[in-house]
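Structure file protein17.cif (mmCIF, C-alpha atoms) is printed below.
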```
data_start
#
loop_
_atom_site.label_atom_id
_atom_site.label_comp_id
_atom_site.auth_asym_id
_atom_site.auth_seq_id
_atom_site.Cartn_x
_atom_site.Cartn_y
_atom_site.Cartn_z
CA MET D 29 -84.48 -107.76 48.38
CA LEU D 30 -87.35 -106.10 46.50
CA VAL D 31 -85.24 -104.82 43.60
CA PRO D 32 -83.59 -108.18 42.71
CA PHE D 33 -87.00 -109.83 43.14
CA LEU D 34 -88.73 -107.51 40.67
CA ILE D 35 -85.87 -107.53 38.17
CA MET D 36 -85.66 -111.32 38.14
CA LEU D 37 -89.45 -111.56 37.95
CA ARG D 38 -89.47 -109.43 34.83
CA GLU D 39 -86.44 -111.10 33.25
CA GLY D 40 -87.84 -114.53 34.05
CA ILE D 41 -91.26 -113.71 32.59
CA GLU D 42 -89.64 -112.40 29.40
CA ALA D 43 -87.68 -115.63 28.98
CA ALA D 44 -90.73 -117.73 29.92
CA LEU D 45 -92.86 -115.92 27.36
CA ILE D 46 -90.39 -116.59 24.58
CA VAL D 47 -90.05 -120.27 25.48
CA GLY D 48 -93.82 -120.48 25.95
CA ILE D 49 -94.50 -119.06 22.50
CA ILE D 50 -92.07 -121.55 20.95
CA ALA D 51 -93.55 -124.48 22.89
CA SER D 52 -97.14 -123.47 22.10
CA TYR D 53 -96.45 -123.15 18.39
CA LEU D 54 -94.67 -126.49 18.22
CA ALA D 55 -97.56 -128.13 20.07
CA LYS D 56 -100.25 -126.52 17.92
CA THR D 57 -98.51 -127.53 14.70
CA GLY D 58 -98.00 -131.12 15.79
CA ARG D 59 -94.25 -130.86 16.33
CA ARG D 60 -93.93 -131.78 19.99
CA SER D 61 -91.05 -134.07 19.08
CA TRP D 62 -88.85 -130.98 18.71
CA MET D 63 -89.36 -129.89 22.33
CA PRO D 64 -86.18 -131.68 23.59
CA ALA D 65 -84.19 -129.37 21.30
CA VAL D 66 -85.88 -126.36 22.88
CA TRP D 67 -85.11 -127.57 26.40
CA THR D 68 -81.51 -128.29 25.39
CA GLY D 69 -81.13 -124.70 24.26
CA VAL D 70 -82.69 -123.42 27.47
CA GLY D 71 -80.42 -125.63 29.59
CA LEU D 72 -77.27 -124.51 27.78
CA ALA D 73 -78.27 -120.85 28.23
CA VAL D 74 -78.79 -121.37 31.96
CA VAL D 75 -75.40 -123.08 32.28
CA LEU D 76 -73.69 -120.25 30.38
CA SER D 77 -75.32 -117.60 32.57
CA LEU D 78 -74.40 -119.36 35.82
CA ALA D 79 -70.83 -120.00 34.66
CA THR D 80 -70.41 -116.36 33.63
CA GLY D 81 -71.64 -115.20 37.01
CA PHE D 82 -69.33 -117.54 38.95
CA VAL D 83 -66.28 -116.61 36.85
CA LEU D 84 -66.82 -112.86 37.10
CA ASN D 85 -67.50 -113.05 40.83
CA ALA D 86 -64.37 -115.14 41.39
CA LEU D 87 -62.23 -112.77 39.33
CA SER D 88 -63.47 -109.72 41.20
CA ALA D 89 -62.44 -111.23 44.54
CA GLU D 90 -58.81 -111.32 43.41
CA PHE D 91 -58.57 -107.61 42.55
CA PRO D 92 -56.82 -105.03 44.77
CA GLN D 93 -59.01 -102.24 46.15
CA LYS D 94 -58.75 -99.78 43.24
CA GLN D 95 -59.16 -102.50 40.63
CA GLN D 96 -62.14 -103.77 42.61
CA GLU D 97 -63.75 -100.34 42.42
CA LEU D 98 -63.03 -100.18 38.69
CA PHE D 99 -64.54 -103.63 38.21
CA GLU D 100 -67.67 -102.54 40.10
CA ALA D 101 -67.92 -99.44 37.91
CA VAL D 102 -67.59 -101.48 34.70
CA VAL D 103 -70.14 -104.05 35.85
CA GLY D 104 -72.50 -101.25 36.86
CA LEU D 105 -72.18 -99.55 33.46
CA ILE D 106 -72.77 -102.84 31.63
CA ALA D 107 -75.82 -103.46 33.82
CA VAL D 108 -77.16 -100.00 32.94
CA VAL D 109 -76.76 -100.70 29.21
CA PHE D 110 -78.38 -104.13 29.49
CA LEU D 111 -81.29 -102.96 31.63
CA THR D 112 -82.02 -99.96 29.42
CA SER D 113 -81.79 -101.95 26.20
CA MET D 114 -84.06 -104.61 27.73
CA VAL D 115 -86.76 -102.02 28.51
CA PHE D 116 -86.74 -100.45 25.06
CA TRP D 117 -86.29 -103.76 23.22
CA MET D 118 -89.37 -105.22 24.87
CA ARG D 119 -91.37 -102.06 24.18
CA LYS D 120 -90.42 -102.25 20.50
CA GLN D 121 -90.64 -106.01 19.95
CA ALA D 122 -93.69 -106.86 22.05
CA ARG D 123 -96.12 -105.87 19.30
CA SER D 124 -94.78 -108.45 16.87
CA MET D 125 -92.87 -110.91 19.06
CA LYS D 126 -95.29 -113.81 18.64
CA SER D 127 -95.50 -113.64 14.83
CA GLU D 128 -91.75 -113.11 14.46
CA LEU D 129 -90.95 -116.07 16.70
CA GLN D 130 -93.32 -118.30 14.77
CA GLY D 131 -91.68 -117.24 11.51
CA SER D 132 -88.26 -117.97 13.01
CA ILE D 133 -89.44 -121.43 14.09
CA GLU D 134 -90.61 -122.24 10.56
CA GLU D 135 -87.30 -121.04 9.15
CA ALA D 136 -85.32 -123.07 11.70
CA LEU D 137 -87.27 -126.24 10.96
CA SER D 138 -86.81 -125.80 7.22
CA HIS D 139 -83.05 -126.40 7.53
CA LYS D 140 -81.45 -129.82 7.35
CA ALA D 141 -79.96 -129.26 10.78
CA ALA D 142 -83.34 -128.25 12.19
CA GLY D 143 -82.55 -129.54 15.67
CA VAL D 144 -79.37 -127.47 15.92
CA ALA D 145 -81.19 -124.39 14.62
CA LEU D 146 -83.97 -124.80 17.19
CA VAL D 147 -81.44 -125.32 20.00
CA GLY D 148 -79.70 -122.13 18.93
CA MET D 149 -82.95 -120.21 18.78
CA ALA D 150 -83.96 -121.16 22.33
CA PHE D 151 -80.37 -120.73 23.56
CA PHE D 152 -79.93 -117.16 22.34
CA ALA D 153 -83.40 -116.11 23.50
CA VAL D 154 -82.80 -117.30 27.07
CA ALA D 155 -79.07 -116.46 27.19
CA ARG D 156 -79.86 -112.81 26.47
CA GLU D 157 -82.08 -112.59 29.53
CA GLY D 158 -79.69 -114.67 31.60
CA LEU D 159 -76.61 -112.56 30.90
CA GLU D 160 -78.56 -109.36 31.54
CA SER D 161 -79.54 -110.81 34.91
CA VAL D 162 -75.94 -111.81 35.70
CA PHE D 163 -74.57 -108.29 35.28
CA PHE D 164 -77.44 -106.70 37.15
CA LEU D 165 -77.11 -109.12 40.06
CA LEU D 166 -73.34 -108.65 40.20
CA ALA D 167 -73.84 -104.89 40.40
CA THR D 168 -76.52 -105.33 43.06
CA PHE D 169 -74.62 -107.85 45.19
CA GLN D 170 -71.60 -105.55 45.24
CA GLN D 171 -73.77 -102.91 46.91
CA ASP D 172 -75.64 -105.34 49.20
CA VAL D 173 -73.60 -108.19 50.70
CA GLY D 174 -76.42 -109.61 52.82
CA LEU D 175 -78.63 -112.61 52.11
CA ALA D 176 -81.71 -110.54 51.25
CA ALA D 177 -80.60 -109.73 47.68
CA PRO D 178 -79.92 -113.34 46.54
CA VAL D 179 -83.06 -114.57 48.31
CA GLY D 180 -85.09 -111.91 46.50
CA ALA D 181 -83.52 -112.84 43.16
CA VAL D 182 -84.30 -116.54 43.62
CA ALA D 183 -87.85 -115.78 44.74
CA GLY D 184 -88.42 -113.58 41.68
CA LEU D 185 -87.11 -116.26 39.35
CA VAL D 186 -89.23 -118.98 40.95
CA LEU D 187 -92.36 -116.84 40.67
CA ALA D 188 -91.53 -116.00 37.05
CA ILE D 189 -91.27 -119.69 36.20
CA ALA D 190 -94.62 -120.32 37.90
CA VAL D 191 -96.23 -117.43 36.00
CA GLY D 192 -94.77 -118.69 32.71
CA ILE D 193 -96.15 -122.19 33.29
CA ALA D 194 -99.56 -120.79 34.25
CA ILE D 195 -99.70 -118.63 31.11
CA TYR D 196 -98.63 -121.57 28.94
CA LEU D 197 -101.26 -123.86 30.44
CA GLY D 198 -103.91 -121.18 30.08
CA GLY D 199 -104.62 -120.82 33.78
CA LEU D 200 -103.46 -117.21 34.11
CA ARG D 201 -104.46 -114.10 32.19
CA LEU D 202 -101.89 -111.37 32.66
CA ASN D 203 -102.01 -107.87 31.20
CA LEU D 204 -98.51 -108.12 29.80
CA ARG D 205 -98.53 -104.69 28.16
CA ARG D 206 -99.26 -102.98 31.48
CA PHE D 207 -96.86 -105.25 33.39
CA PHE D 208 -93.92 -104.50 31.09
CA ARG D 209 -94.78 -100.82 30.97
CA TRP D 210 -94.67 -100.18 34.70
CA THR D 211 -91.79 -102.53 35.42
CA GLY D 212 -89.99 -100.69 32.62
CA VAL D 213 -90.38 -97.39 34.50
CA PHE D 214 -89.11 -99.04 37.66
CA ILE D 215 -86.08 -100.48 35.84
CA LEU D 216 -85.13 -97.07 34.44
CA PHE D 217 -84.98 -95.71 38.01
CA VAL D 218 -82.84 -98.70 39.02
CA ALA D 219 -80.53 -98.13 36.03
CA ALA D 220 -80.16 -94.44 36.95
CA GLY D 221 -79.12 -95.44 40.47
CA LEU D 222 -76.61 -97.95 39.11
CA LEU D 223 -75.15 -95.28 36.81
CA ALA D 224 -74.73 -92.86 39.71
CA GLY D 225 -73.11 -95.65 41.73
CA ALA D 226 -70.73 -96.37 38.84
CA VAL D 227 -69.66 -92.72 38.83
CA GLY D 228 -68.91 -93.03 42.54
CA SER D 229 -66.90 -96.21 41.95
CA LEU D 230 -64.88 -94.50 39.22
CA HIS D 231 -63.95 -91.82 41.74
CA GLU D 232 -62.89 -94.47 44.28
CA ALA D 233 -60.79 -96.08 41.54
CA GLY D 234 -59.01 -92.77 40.96
CA LEU D 235 -60.32 -92.30 37.42
CA TRP D 236 -62.87 -89.55 38.07
CA ASN D 237 -62.14 -86.66 40.40
CA GLY D 238 -64.40 -83.93 39.09
CA LEU D 239 -67.72 -82.66 40.45
CA GLN D 240 -67.11 -84.10 43.91
CA GLY D 241 -69.00 -81.44 45.86
CA VAL D 242 -71.87 -82.82 47.94
CA VAL D 243 -75.30 -81.72 46.67
CA PHE D 244 -77.08 -82.38 49.97
CA ASP D 245 -76.48 -84.37 53.13
CA LEU D 246 -79.42 -86.32 54.57
CA SER D 247 -77.29 -88.94 56.32
CA HIS D 248 -78.54 -87.76 59.72
CA VAL D 249 -82.17 -87.56 58.62
CA LEU D 250 -82.64 -90.47 56.20
CA PRO D 251 -79.48 -92.58 55.99
CA THR D 252 -79.28 -95.22 53.28
CA ASP D 253 -78.69 -97.92 55.89
CA SER D 254 -82.06 -97.22 57.55
CA ALA D 255 -85.11 -99.29 56.60
CA LEU D 256 -86.74 -96.55 54.51
CA GLY D 257 -83.42 -95.36 53.09
CA ALA D 258 -82.55 -98.89 51.96
CA VAL D 259 -85.92 -99.24 50.23
CA LEU D 260 -85.56 -95.87 48.48
CA ALA D 261 -81.97 -96.70 47.51
CA GLY D 262 -83.07 -99.97 45.95
CA LEU D 263 -86.17 -98.64 44.21
CA LEU D 264 -85.10 -95.13 43.19
CA GLY D 265 -81.32 -95.09 43.54
CA TYR D 266 -81.50 -92.82 46.61
CA ASN D 267 -78.17 -91.61 48.04
CA ASP D 268 -78.05 -89.71 51.34
CA ARG D 269 -74.89 -87.78 50.30
CA PRO D 270 -74.74 -87.59 46.49
CA THR D 271 -71.95 -85.73 44.78
CA VAL D 272 -72.60 -83.32 41.93
CA GLY D 273 -71.27 -85.86 39.43
CA GLU D 274 -73.52 -88.63 40.76
CA ALA D 275 -76.59 -86.40 40.79
CA LEU D 276 -75.93 -85.18 37.25
CA ALA D 277 -75.40 -88.74 35.98
CA TYR D 278 -78.67 -89.80 37.62
CA LEU D 279 -80.77 -86.94 36.24
CA LEU D 280 -79.16 -86.69 32.79
CA PHE D 281 -79.88 -90.38 32.29
CA LEU D 282 -83.28 -90.72 33.92
CA VAL D 283 -85.13 -87.69 32.54
CA PRO D 284 -84.42 -88.33 28.82
CA MET D 285 -85.05 -92.08 29.19
CA LEU D 286 -88.44 -91.53 30.85
CA ILE D 287 -89.42 -89.05 28.15
CA LEU D 288 -88.44 -91.50 25.40
CA PHE D 289 -90.19 -94.35 27.17
CA PHE D 290 -93.54 -92.62 27.65
CA THR D 291 -93.45 -90.89 24.26
CA GLY D 292 -92.93 -94.26 22.61
CA HIS D 293 -95.81 -95.77 24.55
CA ARG D 294 -98.20 -93.02 23.48
CA SER D 295 -97.35 -93.63 19.84
CA ALA D 296 -97.62 -97.43 20.14
CA PRO D 297 -100.89 -99.30 19.50
CA SER D 298 -102.79 -99.67 22.74
CA SER D 299 -104.73 -102.82 22.03
CA ALA D 300 -103.76 -106.02 23.82
CA ALA D 301 -103.81 -107.86 20.51
CA ALA D 302 -101.08 -105.60 19.18
CA ALA D 303 -98.78 -106.80 21.92
CA GLY D 304 -98.23 -110.09 20.10
CA LEU D 305 -97.97 -111.88 23.43
CA ASP D 306 -101.38 -113.55 23.65
CA LEU D 307 -100.66 -116.90 25.30
CA GLN D 308 -103.99 -117.16 27.03
CA ALA D 309 -106.36 -120.00 27.64
CA SER D 310 -107.81 -120.18 24.13
CA ASP D 311 -104.36 -120.93 22.68
CA ALA D 312 -103.60 -123.44 25.40
CA ARG D 313 -106.87 -125.33 24.92
CA SER D 314 -106.26 -125.56 21.16
CA ARG D 315 -103.19 -127.68 21.89
CA ALA D 316 -105.26 -130.40 23.47
#
```

For this file, write the structure as structure tokens.
Amino acid sequence: MLVPFLIMLREGIEAALIVGIIASYLAKTGRRSWMPAVWTGVGLAVVLSLATGFVLNALSAEFPQKQQELFEAVVGLIAVVFLTSMVFWMRKQARSMKSELQGSIEEALSHKAAGVALVGMAFFAVAREGLESVFFLLATFQQDVGLAAPVGAVAGLVLAIAVGIAIYLGGLRLNLRRFFRWTGVFILFVAAGLLAGAVGSLHEAGLWNGLQGVVFDLSHVLPTDSALGAVLAGLLGYNDRPTVGEALAYLLFLVPMLILFFTGHRSAPSSAAAAGLDLQASDARSRA
């Protein structure tokens, strides 16, 4: 439950920030009349994400066992790519996101079909986060068939929407740089666990038969179906009986990604203003 909650919280806040920046700029520049176009784009992105999730989930149910394992491996690998790109994209773009979005808004409104351009802008911004969430949740639900995972995902999304509204209205000051930094570390651990799980699924599908020796066996000490084991599995990708291939995939992904992540943060400007995400109360009050 905790992992889907935190992932959806982060994804939701990213989408809420983008929409909030667009809405704030339109309000401050006296263009509130364009907000229906923004909400149309957001609505279409939500519909696309939900439809994609339903279609992929329905298709996977029709597969025989080996094809099901292959599907799980593919979904897991796509989720790893999306999650990793999300972490590094936000780290790179956060410093200039606000100014770039405002420039994009001005460019969109300069076209004759300004409404269509604005719909497209909001659509692609939210659809990116939505599709990332779809593939992550599919990969997660395949590993956890209980109700806890979807409940956690919905709770994270609801809280993200509430946080986005509070930031937009100026009632919440959130250290976004620190929030995205530490959730980024968490997501890299989750991605490493998904990659190791994908390697295991490829073996079950009959496509990967190497490095199948067991590194260690803690199934009698700390099984993954225990309370603590389930938490560690969700947060850190813990496996009570990892194979050599799974352990190598986990470490060869995680160690370089963490080094790149923290090295990039040390070289990035540390001031909150450089984050380009200042949607605090002073901006909100200027809309009044």

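Considering the residues D:Ala183, D:Leu87, D:Val154, D:Val147 and counting only C-alpha atoms, D:Val31 has its shortest atom-to-atom contact with D:Ala183.
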
Exercise. Neighbours of D:Ala51 within 12 Å (all atoms listed in the file; same-chain residues fewer than 3 positions away dropped), as number ranges by chain?
Worked result: D: 44-48, 54-67, 70, 126, 129-130, 133, 146, 150, 192-193, 195-197, 307, 311-312, 315

For this session: Decode the PyMOL selection byres ((chain D and resi 260-270) around 10) for the given file into explicit residues and return them as an NGL selection string.
Result: :D and (29-32 or 34 or 168 or 171-172 or 214-225 or 228 or 240-259 or 271-276 or 278)

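Compared by their closest atoms to D:Arg156, and using all atoms listed in the file, the residues D:Val191, D:Leu98, D:Leu235, D:Ala73 rank with D:Ala73 nearest.
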
Problem set entry | Contact residues around stretch 102-114 of chain D with all atoms listed in the file at 6 Å, ignoring same-chain residues under 3 positions, as a PyMOL selection string | chain D and resi 99+117+160+163-164+167+219+222+226

Exercise. Written as JSON, numbers by chain, what is the full residue list that the PyMOL selection byres ((chain D and resi 157) around 8) yields on the file shown?
Worked result: {"D": [39, 40, 42, 43, 153, 154, 155, 156, 158, 159, 160, 161]}

For this session: Go through the shown structure with the PyMOL selection byres ((chain D and resi 289) around 9) and write out the matching residues as an MDAnalysis selection string.
Result: chainID D and resid 115:116 119 209 212:213 284:288 290:294

Exercise. Quick one, how far is atom CA of D:Gln95 from atom CA of D:Ala233?
Worked result: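 Spanning atom CA of D:Gln95 to atom CA of D:Ala233 is a straight-line distance of 6.7 Å.
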
Exercise. In Å to one decimal, how far is atom CA of D:Leu37 from atom CA of D:Leu280?
Worked result: 27.4 Å

Exercise. With all atoms listed in the file as the basis for distance, which of D:Tyr53, D:Phe281, D:Arg38, D:Lys94 is at the shortest distance from D:Gly234?
Worked result: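 Smallest separation from D:Gly234 among the options: D:Lys94.
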
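When only C-alpha atoms are used to measure the gap to D:Gly131, the shortest distance among D:Pro178, D:Gly143, D:Thr68, D:Ile49 belongs to D:Ile49.
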
Draw an axis-aligned box tight on the listed atoms of stretch 91-96 of chain D, then pad every side by 5 Å and write out centre and edge lengths in Å to one decimal as AutoDock Vina command-line options.
```
--center_x -59.5 --center_y -103.7 --center_z 43.4 --size_x 15.3 --size_y 17.8 --size_z 15.5
```

Exercise. Pick from D:Gly71, D:Glu97, D:Phe151, D:Asn85: nearest to D:His231, with all atoms listed in the file counted?
Worked result: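 That would be D:Glu97, the residue with the smallest distance to D:His231.
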
For this session: For D:Val162, work out the shell of residues within 8 Å, counting only C-alpha atoms and skipping chain neighbours fewer than 3 positions away, then give it as a PyMOL selection string.
Result: chain D and resi 77-78+80-81+158-159+165-166

Problem set entry | Interatomic distance, atom CA of D:Phe33 to atom CA of D:Leu187 (Å, one decimal) |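 Atom CA of D:Leu187 lies 9.2 Å from atom CA of D:Phe33.
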